[in-house]
file protein34.csv (CSV, C-alpha atoms and all ligand atoms)
chain,number,residue,atom,x,y,z
I,1,MET,CA,0.0,0.0,0.0
I,2,ILE,CA,1.3,3.4,-0.9
I,3,TYR,CA,-0.1,6.2,1.3
I,4,ASP,CA,-0.6,9.8,0.3
I,5,GLY,CA,-0.7,9.2,-3.4
I,6,LEU,CA,2.3,10.5,-5.5
I,7,GLU,CA,3.7,12.3,-2.5
I,8,GLY,CA,3.9,9.0,-0.6
I,9,LEU,CA,5.5,7.3,-3.6
I,10,ILE,CA,8.3,10.0,-3.5
I,11,ASP,CA,8.7,9.8,0.3
I,12,GLY,CA,8.5,6.0,0.6
I,13,SER,CA,5.2,5.9,2.6
I,14,ILE,CA,4.8,2.2,1.6
I,15,ARG,CA,3.8,-0.8,3.6
I,16,LYS,CA,2.7,-4.4,2.9
I,17,ALA,CA,-1.1,-4.6,2.9
I,18,SER,CA,-3.0,-7.2,4.9
I,19,HIS,CA,-6.7,-8.1,5.4
I,20,VAL,CA,-6.6,-5.9,8.6
I,21,ASP,CA,-6.1,-2.8,6.4
I,22,VAL,CA,-9.4,-3.4,4.5
I,23,ALA,CA,-11.6,-4.9,7.2
I,24,GLY,CA,-14.6,-2.7,8.2
I,25,ILE,CA,-13.9,0.2,5.9
I,26,ILE,CA,-16.4,-0.5,3.1
I,27,HIS,CA,-18.8,2.2,4.5
I,28,GLU,CA,-16.2,4.9,4.8
I,29,GLY,CA,-16.0,7.8,2.4
I,30,GLY,CA,-12.7,9.5,1.3
I,31,THR,CA,-9.7,7.2,1.1
I,32,ARG,CA,-7.9,5.3,3.8
I,33,LEU,CA,-4.8,5.5,1.6
I,34,ARG,CA,-5.2,9.2,1.5
I,35,SER,CA,-4.4,11.3,-1.5
I,36,SER,CA,-2.3,14.3,-2.6
I,37,ARG,CA,-1.8,16.9,-5.3
I,38,SER,CA,1.9,16.5,-6.0
I,39,GLU,CA,3.8,19.2,-7.8
I,40,ARG,CA,7.1,17.4,-7.1
I,41,PHE,CA,6.2,14.4,-9.1
I,42,PHE,CA,6.4,16.5,-12.3
I,43,GLU,CA,10.2,16.8,-11.7
I,44,LEU,CA,12.4,14.0,-12.8
I,45,GLU,CA,14.5,14.1,-9.7
I,46,TYR,CA,11.4,13.2,-7.6
I,47,ARG,CA,10.2,10.6,-10.0
I,48,GLN,CA,13.6,8.9,-9.7
I,49,LYS,CA,13.2,8.9,-5.9
I,50,ALA,CA,9.8,7.3,-6.4
I,51,TYR,CA,11.2,4.6,-8.7
I,52,ASP,CA,14.0,3.9,-6.2
I,53,ASN,CA,11.4,3.4,-3.5
I,54,LEU,CA,9.6,0.9,-5.6
I,55,GLN,CA,12.8,-1.0,-6.3
I,56,LYS,CA,13.5,-1.0,-2.5
I,57,PHE,CA,10.2,-2.6,-1.8
I,58,GLY,CA,10.4,-5.0,-4.8
I,59,ILE,CA,7.3,-3.5,-6.4
I,60,ASP,CA,7.2,-3.8,-10.2
I,61,LYS,CA,3.5,-3.1,-11.0
I,62,LEU,CA,1.0,-0.7,-9.7
I,63,VAL,CA,-2.7,-0.2,-9.3
I,64,ILE,CA,-3.5,3.5,-9.5
I,65,LEU,CA,-6.7,5.1,-8.4
I,66,GLY,CA,-7.1,8.6,-9.6
I,67,GLY,CA,-8.3,11.3,-12.0
I,68,ASP,CA,-6.7,12.7,-15.1
I,69,GLY,CA,-3.9,14.4,-13.2
I,70,SER,CA,-2.8,11.0,-11.7
I,71,PHE,CA,-3.1,9.3,-15.1
I,72,ARG,CA,-0.9,12.0,-16.8
I,73,ALA,CA,1.7,11.7,-14.0
I,74,LEU,CA,1.7,7.9,-14.3
I,75,LYS,CA,2.1,8.0,-18.0
I,76,GLN,CA,5.2,10.1,-17.5
I,77,PHE,CA,6.5,7.7,-14.9
I,78,TYR,CA,5.8,4.8,-17.3
I,79,ASN,CA,7.8,6.5,-20.0
I,80,ASP,CA,10.7,7.1,-17.6
I,81,PHE,CA,11.0,3.8,-16.0
I,82,GLY,CA,8.6,1.3,-17.7
I,83,VAL,CA,6.8,0.5,-14.5
I,84,GLY,CA,3.6,-1.3,-15.6
I,85,PHE,CA,0.3,-0.3,-14.1
I,86,VAL,CA,-3.5,-0.6,-14.3
I,87,GLY,CA,-5.4,2.6,-13.6
I,88,ILE,CA,-8.8,2.8,-12.1
I,89,PRO,CA,-10.7,6.0,-12.9
I,90,ALA,CA,-11.7,7.6,-9.5
I,91,THR,CA,-12.9,11.2,-9.6
I,92,ILE,CA,-16.2,12.8,-8.8
I,93,ASP,CA,-15.7,15.0,-11.9
I,94,ASN,CA,-16.4,12.0,-14.2
I,95,ASP,CA,-14.2,13.6,-16.8
I,96,ILE,CA,-11.9,10.8,-17.9
I,97,PHE,CA,-11.9,10.1,-21.6
I,98,GLY,CA,-12.8,6.5,-22.6
I,99,THR,CA,-15.0,5.6,-19.5
I,100,ASP,CA,-18.6,6.3,-18.9
I,101,TYR,CA,-18.1,6.0,-15.1
I,102,CYS,CA,-15.5,7.1,-12.6
I,103,LEU,CA,-15.6,5.8,-9.0
I,104,GLY,CA,-17.2,8.2,-6.5
I,105,VAL,CA,-19.6,9.9,-8.9
I,106,ASP,CA,-22.7,8.2,-7.7
I,107,THR,CA,-21.9,9.0,-4.1
I,108,ALA,CA,-21.3,12.6,-5.0
I,109,LEU,CA,-24.5,12.8,-7.0
I,110,ASN,CA,-26.5,11.4,-4.1
I,111,MET,CA,-24.9,14.0,-1.8
I,112,ILE,CA,-26.0,16.7,-4.2
I,113,ARG,CA,-29.5,15.2,-4.4
I,114,PHE,CA,-29.7,15.2,-0.6
I,115,ALA,CA,-28.5,18.8,-0.4
I,116,THR,CA,-30.7,20.0,-3.3
I,117,ASP,CA,-33.8,18.4,-1.8
I,118,ALA,CA,-33.2,20.2,1.5
I,119,VAL,CA,-32.4,23.6,-0.1
I,120,ARG,CA,-35.6,23.3,-2.3
I,121,ASP,CA,-37.6,22.8,0.9
I,122,THR,CA,-36.5,26.0,2.5
I,123,SER,CA,-36.6,27.9,-0.8
I,124,ALA,CA,-40.2,26.9,-1.3
I,125,SER,CA,-41.0,27.9,2.3
I,126,PHE,CA,-39.6,31.4,1.7
I,127,LYS,CA,-40.7,31.8,-1.9
I,128,ARG,CA,-37.1,32.1,-3.0
I,129,GLY,CA,-34.8,31.1,-5.8
I,130,CYS,CA,-31.6,29.1,-5.1
I,131,VAL,CA,-28.5,28.7,-7.1
I,132,ILE,CA,-26.7,25.5,-6.2
I,133,GLU,CA,-23.1,25.3,-7.3
I,134,THR,CA,-21.6,21.8,-7.8
I,135,MET,CA,-18.0,20.8,-8.2
I,136,GLY,CA,-16.6,19.1,-11.4
I,137,ARG,CA,-13.7,21.4,-12.2
I,138,HIS,CA,-14.1,22.2,-16.0
I,139,CYS,CA,-16.7,19.5,-16.5
I,140,GLY,CA,-20.4,20.0,-16.1
I,141,TYR,CA,-21.4,16.3,-15.6
I,142,LEU,CA,-22.3,16.5,-11.9
I,143,ALA,CA,-24.4,19.6,-12.4
I,144,LEU,CA,-26.1,18.2,-15.5
I,145,ILE,CA,-27.1,14.9,-14.0
I,146,SER,CA,-28.1,16.6,-10.8
I,147,ALA,CA,-30.3,19.1,-12.6
I,148,ILE,CA,-32.1,16.3,-14.4
I,149,THR,CA,-32.5,14.0,-11.3
I,150,CYS,CA,-33.3,16.8,-8.9
I,151,GLY,CA,-35.9,18.4,-11.2
I,152,ALA,CA,-34.1,21.8,-11.4
I,153,GLU,CA,-35.7,24.6,-13.4
I,154,ALA,CA,-32.4,25.6,-14.9
I,155,CYS,CA,-28.9,24.1,-15.5
I,156,ILE,CA,-25.8,26.1,-16.4
I,157,ILE,CA,-22.7,24.2,-17.4
I,158,PRO,CA,-19.5,25.0,-19.4
I,159,GLU,CA,-20.5,22.6,-22.2
I,160,LEU,CA,-23.8,24.3,-23.0
I,161,ASP,CA,-24.8,27.7,-24.3
I,162,TYR,CA,-27.5,29.3,-22.3
I,163,ASP,CA,-30.1,32.1,-22.9
I,164,LEU,CA,-31.1,33.9,-19.8
I,165,ASP,CA,-33.7,36.0,-21.6
I,166,SER,CA,-35.8,33.1,-22.7
I,167,LEU,CA,-35.2,31.2,-19.5
I,168,GLY,CA,-36.2,34.4,-17.6
I,169,LYS,CA,-39.4,34.8,-19.5
I,170,LYS,CA,-40.4,31.2,-18.9
I,171,LEU,CA,-39.7,31.4,-15.1
I,172,LYS,CA,-41.5,34.8,-14.7
I,173,LYS,CA,-44.6,33.3,-16.3
I,174,GLN,CA,-44.4,30.3,-13.9
I,175,LEU,CA,-44.0,32.7,-10.9
I,176,SER,CA,-47.1,34.6,-12.0
I,177,GLU,CA,-49.0,31.3,-12.2
I,178,GLY,CA,-48.0,30.5,-8.6
I,179,ARG,CA,-44.6,28.9,-8.7
I,180,LYS,CA,-43.1,29.1,-5.2
I,181,TYR,CA,-39.4,28.5,-5.7
I,182,ILE,CA,-36.8,28.2,-8.5
I,183,VAL,CA,-33.8,25.8,-8.4
I,184,VAL,CA,-30.9,26.6,-10.6
I,185,ILE,CA,-27.9,24.1,-10.6
I,186,ALA,CA,-24.7,25.6,-11.9
I,187,ALA,CA,-21.3,23.8,-12.4
I,188,GLU,CA,-18.4,25.5,-10.8
I,189,GLY,CA,-16.6,25.4,-14.2
I,190,SER,CA,-19.2,27.8,-15.6
I,191,ARG,CA,-18.2,30.5,-13.1
I,192,LYS,CA,-21.7,31.9,-13.3
I,193,THR,CA,-23.0,31.5,-9.7
I,194,LYS,CA,-23.0,35.2,-8.7
I,195,LYS,CA,-24.3,36.3,-12.1
I,196,LEU,CA,-27.2,33.9,-11.8
I,197,VAL,CA,-28.2,35.1,-8.3
I,198,LYS,CA,-28.3,38.7,-9.7
I,199,TRP,CA,-30.3,37.6,-12.7
I,200,LEU,CA,-32.9,35.8,-10.6
I,201,GLU,CA,-33.2,38.7,-8.2
I,202,ASN,CA,-33.2,41.6,-10.8
I,203,ASP,CA,-34.6,40.2,-14.0
I,204,VAL,CA,-36.8,37.3,-12.8
I,205,GLY,CA,-37.9,39.0,-9.6
I,206,ILE,CA,-37.4,36.4,-6.9
I,207,GLU,CA,-35.2,36.8,-3.8
I,208,THR,CA,-32.4,34.3,-4.2
I,209,ARG,CA,-29.6,32.6,-2.2
I,210,ALA,CA,-26.5,30.8,-3.4
I,211,THR,CA,-25.4,27.5,-2.0
I,212,ILE,CA,-21.9,26.4,-2.9
I,213,LEU,CA,-21.8,22.7,-2.0
I,214,GLY,CA,-18.0,22.4,-2.0
I,215,HIS,CA,-16.2,19.5,-0.4
I,216,ILE,CA,-19.3,17.9,1.1
I,217,GLN,CA,-19.5,16.3,-2.4
I,218,ARG,CA,-16.3,14.4,-1.8
I,219,GLY,CA,-17.2,12.6,1.4
I,220,GLY,CA,-19.9,10.5,3.0
I,221,ASN,CA,-20.8,6.8,2.9
I,222,PRO,CA,-20.3,5.3,-0.6
I,223,THR,CA,-23.6,4.4,-2.3
I,224,VAL,CA,-24.4,0.7,-3.1
I,225,TYR,CA,-23.7,1.5,-6.7
I,226,ASP,CA,-20.2,2.9,-6.0
I,227,ARG,CA,-19.4,-0.1,-3.7
I,228,LEU,CA,-20.4,-2.5,-6.5
I,229,MET,CA,-18.5,-0.6,-9.2
I,230,ALA,CA,-15.4,-0.4,-6.9
I,231,THR,CA,-15.5,-4.1,-6.4
I,232,GLU,CA,-15.7,-4.8,-10.2
I,233,PHE,CA,-13.1,-2.2,-11.2
I,234,VAL,CA,-10.6,-3.5,-8.6
I,235,ILE,CA,-11.2,-7.2,-9.5
I,236,HIS,CA,-10.5,-6.4,-13.2
I,237,ALA,CA,-7.3,-4.4,-12.3
I,238,ILE,CA,-5.9,-7.0,-10.0
I,239,ASP,CA,-6.7,-10.0,-12.3
I,240,LYS,CA,-5.0,-8.2,-15.1
I,241,LEU,CA,-1.8,-7.5,-13.1
I,242,ILE,CA,-1.6,-11.0,-11.8
I,243,LYS,CA,-2.3,-12.8,-15.1
I,244,SER,CA,-0.5,-10.5,-17.5
I,245,GLU,CA,3.2,-10.9,-18.1
I,246,SER,CA,3.5,-7.6,-19.9
I,247,LYS,CA,4.2,-4.3,-18.2
I,248,ASP,CA,1.7,-2.2,-20.0
I,249,GLY,CA,0.2,1.1,-18.9
I,250,LEU,CA,-3.5,0.3,-18.9
I,251,VAL,CA,-6.7,1.7,-17.5
I,252,VAL,CA,-9.9,-0.2,-16.6
I,253,VAL,CA,-12.8,1.6,-18.3
I,254,TYR,CA,-16.5,1.1,-18.2
I,255,GLU,CA,-18.1,1.7,-21.5
I,256,ASP,CA,-21.5,0.8,-22.8
I,257,SER,CA,-22.2,-1.2,-19.6
I,258,LYS,CA,-19.0,-3.3,-20.0
I,259,PHE,CA,-15.6,-3.3,-18.3
I,260,LYS,CA,-12.7,-3.1,-20.7
I,261,PHE,CA,-9.0,-2.2,-20.8
I,262,ALA,CA,-7.8,0.9,-22.6
I,263,SER,CA,-4.2,2.0,-23.1
I,264,ILE,CA,-3.1,5.0,-21.0
I,265,ASP,CA,-2.2,6.7,-24.3
I,266,TYR,CA,-5.8,6.3,-25.5
I,267,VAL,CA,-7.3,7.6,-22.2
I,268,ASN,CA,-4.9,10.6,-22.2
I,269,SER,CA,-5.4,11.3,-25.9
I,270,GLN,CA,-8.6,13.3,-25.7
I,271,LYS,CA,-10.8,15.5,-23.6
I,272,PHE,CA,-13.8,13.8,-22.0
I,273,THR,CA,-17.2,14.9,-23.5
I,274,ILE,CA,-20.6,14.4,-22.0
I,275,LYS,CA,-22.9,12.1,-24.0
I,276,LYS,CA,-25.1,14.0,-26.5
I,277,GLU,CA,-28.3,12.5,-25.0
I,278,PHE,CA,-27.6,14.1,-21.6
I,279,LEU,CA,-26.6,17.4,-23.2
I,280,ASP,CA,-29.8,17.4,-25.2
I,281,LEU,CA,-31.8,16.8,-22.0
I,282,ALA,CA,-30.0,19.6,-20.2
I,283,SER,CA,-30.2,22.1,-23.0
I,284,ARG,CA,-33.9,22.4,-22.3
I,285,MET,CA,-33.0,23.7,-18.9
I,286,ALA,CA,-30.6,26.3,-20.3
I,287,ARG,CA,-32.9,28.4,-22.5
M,1,LIG,O1,-11.2,16.9,-9.0
M,1,LIG,C1,-12.0,16.8,-7.9
M,1,LIG,C2,-12.3,18.2,-7.4
M,1,LIG,O2,-13.2,18.0,-6.3
M,1,LIG,C3,-13.0,19.2,-8.4
M,1,LIG,O3,-14.3,18.9,-8.6
M,1,LIG,C4,-12.7,20.5,-7.7
M,1,LIG,O4,-12.6,21.6,-8.6
M,1,LIG,C5,-11.3,20.3,-7.1
M,1,LIG,O5,-11.2,18.9,-6.9
M,1,LIG,C6,-11.1,20.9,-5.8
M,1,LIG,O6,-9.8,20.7,-5.4
M,1,LIG,P1,-9.3,20.9,-3.9
M,1,LIG,O7,-9.9,19.9,-3.0
M,1,LIG,O8,-7.8,20.8,-4.1
M,1,LIG,O9,-9.7,22.3,-3.5

call {"tool": "encode", "arguments": {"input": "protein34.csv", "output": "structure tokens", "more": "lines below"}}
Ligand code: F6P
result
Amino acid sequence: MIYDGLEGLIDGSIRKASHVDVAGIIHEGGTRLRSSRSERFFELEYRQKAYDNLQKFGIDKLVILGGDGSFRALKQFYNDFGVGFVGIPATIDNDIFGTDYCLGVDTALNMIRFATDAVRDTSASFKRGCVIETMGRHCGYLALISAITCGAEACIIPELDYDLDSLGKKLKKQLSEGRKYIVVIAAEGSRKTKKLVKWLENDVGIETRATILGHIQRGGNPTVYDRLMATEFVIHAIDKLIKSESKDGLVVVYEDSKFKFASIDYVNSQKFTIKKEFLDLASRMAR
């Protein structure tokens, strides 16, 4: 087990795993192994230290859980030293090319659903609007799926053009017909939260509050779906490492309801795009 992600690889925070390390943790959020955002790993000197640590512990293959930053770093490490690995996409942003699902997304979406349902309650009680900002970095996936599944009135994400004039007209009409609240879900990547609050107050004419959900989306008990997906991702990764002689750089991906392996070059080759069906659904909430 390597603690603290890439930083732990550099600093040699490595220990043999046993069943004790994984007993009784299935319900915990976050990661027992901890994580890090490592600047040092992008310098060859520190990657060399990391490689020396692996040599010291007799480790010649790795399972990597992470997002696109980890995958880019590991690709570099693979180019430098040829250490084979299998990556498992794990980021609430769900923004890794080649896979429809990244671990943690369902848990984050359920957190957002819980929070949105609660904020809608109080908004309806006070006849207010609310702008709920989700995480996702540059990707609008969390906001889009949340807007659909929470029944939001509007959804603003970086991937979609929006038209506040026509949205405003629609919402004003609904308010005049008795609507008691408005829920707008905005992705952090759109950077429009403040603007949307002003628009709701000044143009649509409803008192509005913003709720920035923040890191609550990255914790909490994993959902049943995430537990099941984690089990399947990990089994695929471990089986591949045990059975395969080769030292490839691979990633387990979940595409069209099937687990497959993709090369790290393929996964890193393009930017993730949200499926057209979902974008079409959300575009109705952006104009
Ligand atoms: O990549 C996951 C993520 O939670 C993004 O959605 C968000 O923009 C970022 O990390 C926040 O990073 P930090 O926890 O370093 O502030």

call {"tool": "residues_around", "arguments": {"input": "protein34.csv", "residues": "stretch 107-120 of chain I", "least_positions_apart": "6", "cutoff": "6 Å", "atoms": "all atoms listed in the file", "output": "JSON list (two decimals) with C-alpha atoms, in the frame of the given file"}}
result
[["chain", "number", "residue", "atom", "x", "y", "z"],
["I", 217, "GLN", "CA", -19.50, 16.30, -2.40],
["I", 222, "PRO", "CA", -20.30, 5.30, -0.60],
["I", 223, "THR", "CA", -23.60, 4.40, -2.30]]

call {"tool": "residues_near_ligand", "arguments": {"input": "protein34.csv", "ligand": "ligand LIG 1 (chain M)", "cutoff": "8 Å", "atoms": "only C-alpha atoms and all ligand atoms", "output": "CSV table (one decimal) with C-alpha atoms, in the coordinates of the input"}}
result
chain,number,residue,atom,x,y,z
I,37,ARG,CA,-1.8,16.9,-5.3
I,67,GLY,CA,-8.3,11.3,-12.0
I,91,THR,CA,-12.9,11.2,-9.6
I,92,ILE,CA,-16.2,12.8,-8.8
I,93,ASP,CA,-15.7,15.0,-11.9
I,134,THR,CA,-21.6,21.8,-7.8
I,135,MET,CA,-18.0,20.8,-8.2
I,136,GLY,CA,-16.6,19.1,-11.4
I,137,ARG,CA,-13.7,21.4,-12.2
I,138,HIS,CA,-14.1,22.2,-16.0
I,188,GLU,CA,-18.4,25.5,-10.8
I,189,GLY,CA,-16.6,25.4,-14.2
I,214,GLY,CA,-18.0,22.4,-2.0
I,215,HIS,CA,-16.2,19.5,-0.4
I,217,GLN,CA,-19.5,16.3,-2.4
I,218,ARG,CA,-16.3,14.4,-1.8

call {"tool": "closest_residue", "arguments": {"input": "protein34.csv", "among": "I:Glu207, I:Lys180, I:Asn221, I:Tyr3", "to": "I:Ala17", "atoms": "only C-alpha atoms"}}
result
I:Tyr3

call {"tool": "atom_distance", "arguments": {"input": "protein34.csv", "atom1": "atom CA of I:Leu6", "atom2": "atom CA of I:His236"}}
result
22.6 Å

call {"tool": "closest_residue", "arguments": {"input": "protein34.csv", "among": "I:Arg34, I:Arg15, I:Leu65, I:Leu9", "to": "I:Ala50", "atoms": "only C-alpha atoms"}}
result
I:Leu9

call {"tool": "atom_distance", "arguments": {"input": "protein34.csv", "atom1": "atom CA of I:Ser244", "atom2": "atom CA of I:Lys271"}}
result
28.6 Å

call {"tool": "residues_around", "arguments": {"input": "protein34.csv", "residues": "I:Leu241", "least_positions_apart": "6", "cutoff": "8 Å", "atoms": "all atoms listed in the file", "output": "ChimeraX atom specification"}}
result
/I:61,85-86

call {"tool": "closest_residue", "arguments": {"input": "protein34.csv", "among": "I:Ala147, I:Leu279, I:Ile59, I:Ile242", "to": "I:Ile2", "atoms": "only C-alpha atoms"}}
result
I:Ile59

call {"tool": "atom_distance", "arguments": {"input": "protein34.csv", "atom1": "atom CA of I:Leu160", "atom2": "atom CA of I:Phe259"}}
result
29.2 Å

call {"tool": "closest_residue", "arguments": {"input": "protein34.csv", "among": "I:Ala90, I:Val197, I:Met229, I:Leu74", "to": "I:Leu164", "atoms": "all atoms listed in the file"}}
result
I:Val197

call {"tool": "closest_residue", "arguments": {"input": "protein34.csv", "among": "I:Ile14, I:Leu167, I:Cys130, I:Met1", "to": "I:Lys194", "atoms": "all atoms listed in the file"}}
result
I:Cys130

call {"tool": "closest_residue", "arguments": {"input": "protein34.csv", "among": "I:His19, I:Val204, I:Leu142, I:Ala187", "to": "I:Lys172", "atoms": "all atoms listed in the file"}}
result
I:Val204

call {"tool": "residues_around", "arguments": {"input": "protein34.csv", "residues": "I:Glu159", "least_positions_apart": "2", "cutoff": "9 Å", "atoms": "all atoms listed in the file", "output": "number ranges by chain"}}
result
I: 138-140, 156-157, 161, 190, 273-274, 279

call {"tool": "residues_near_point", "arguments": {"input": "protein34.csv", "point": "(-38.5, 37.7, -5.3)", "cutoff": "12 Å", "atoms": "all atoms listed in the file", "output": "list in words"}}
result
Ser123, Ala124, Phe126, Lys127, Arg128, Gly129, Cys130, Leu171, Lys172, Leu175, Ser176, Arg179, Lys180, Tyr181, Ile182, Val197, Lys198, Trp199, Leu200, Glu201, Asn202, Asp203, Val204, Gly205, Ile206, Glu207, Thr208 and Arg209 of chain I
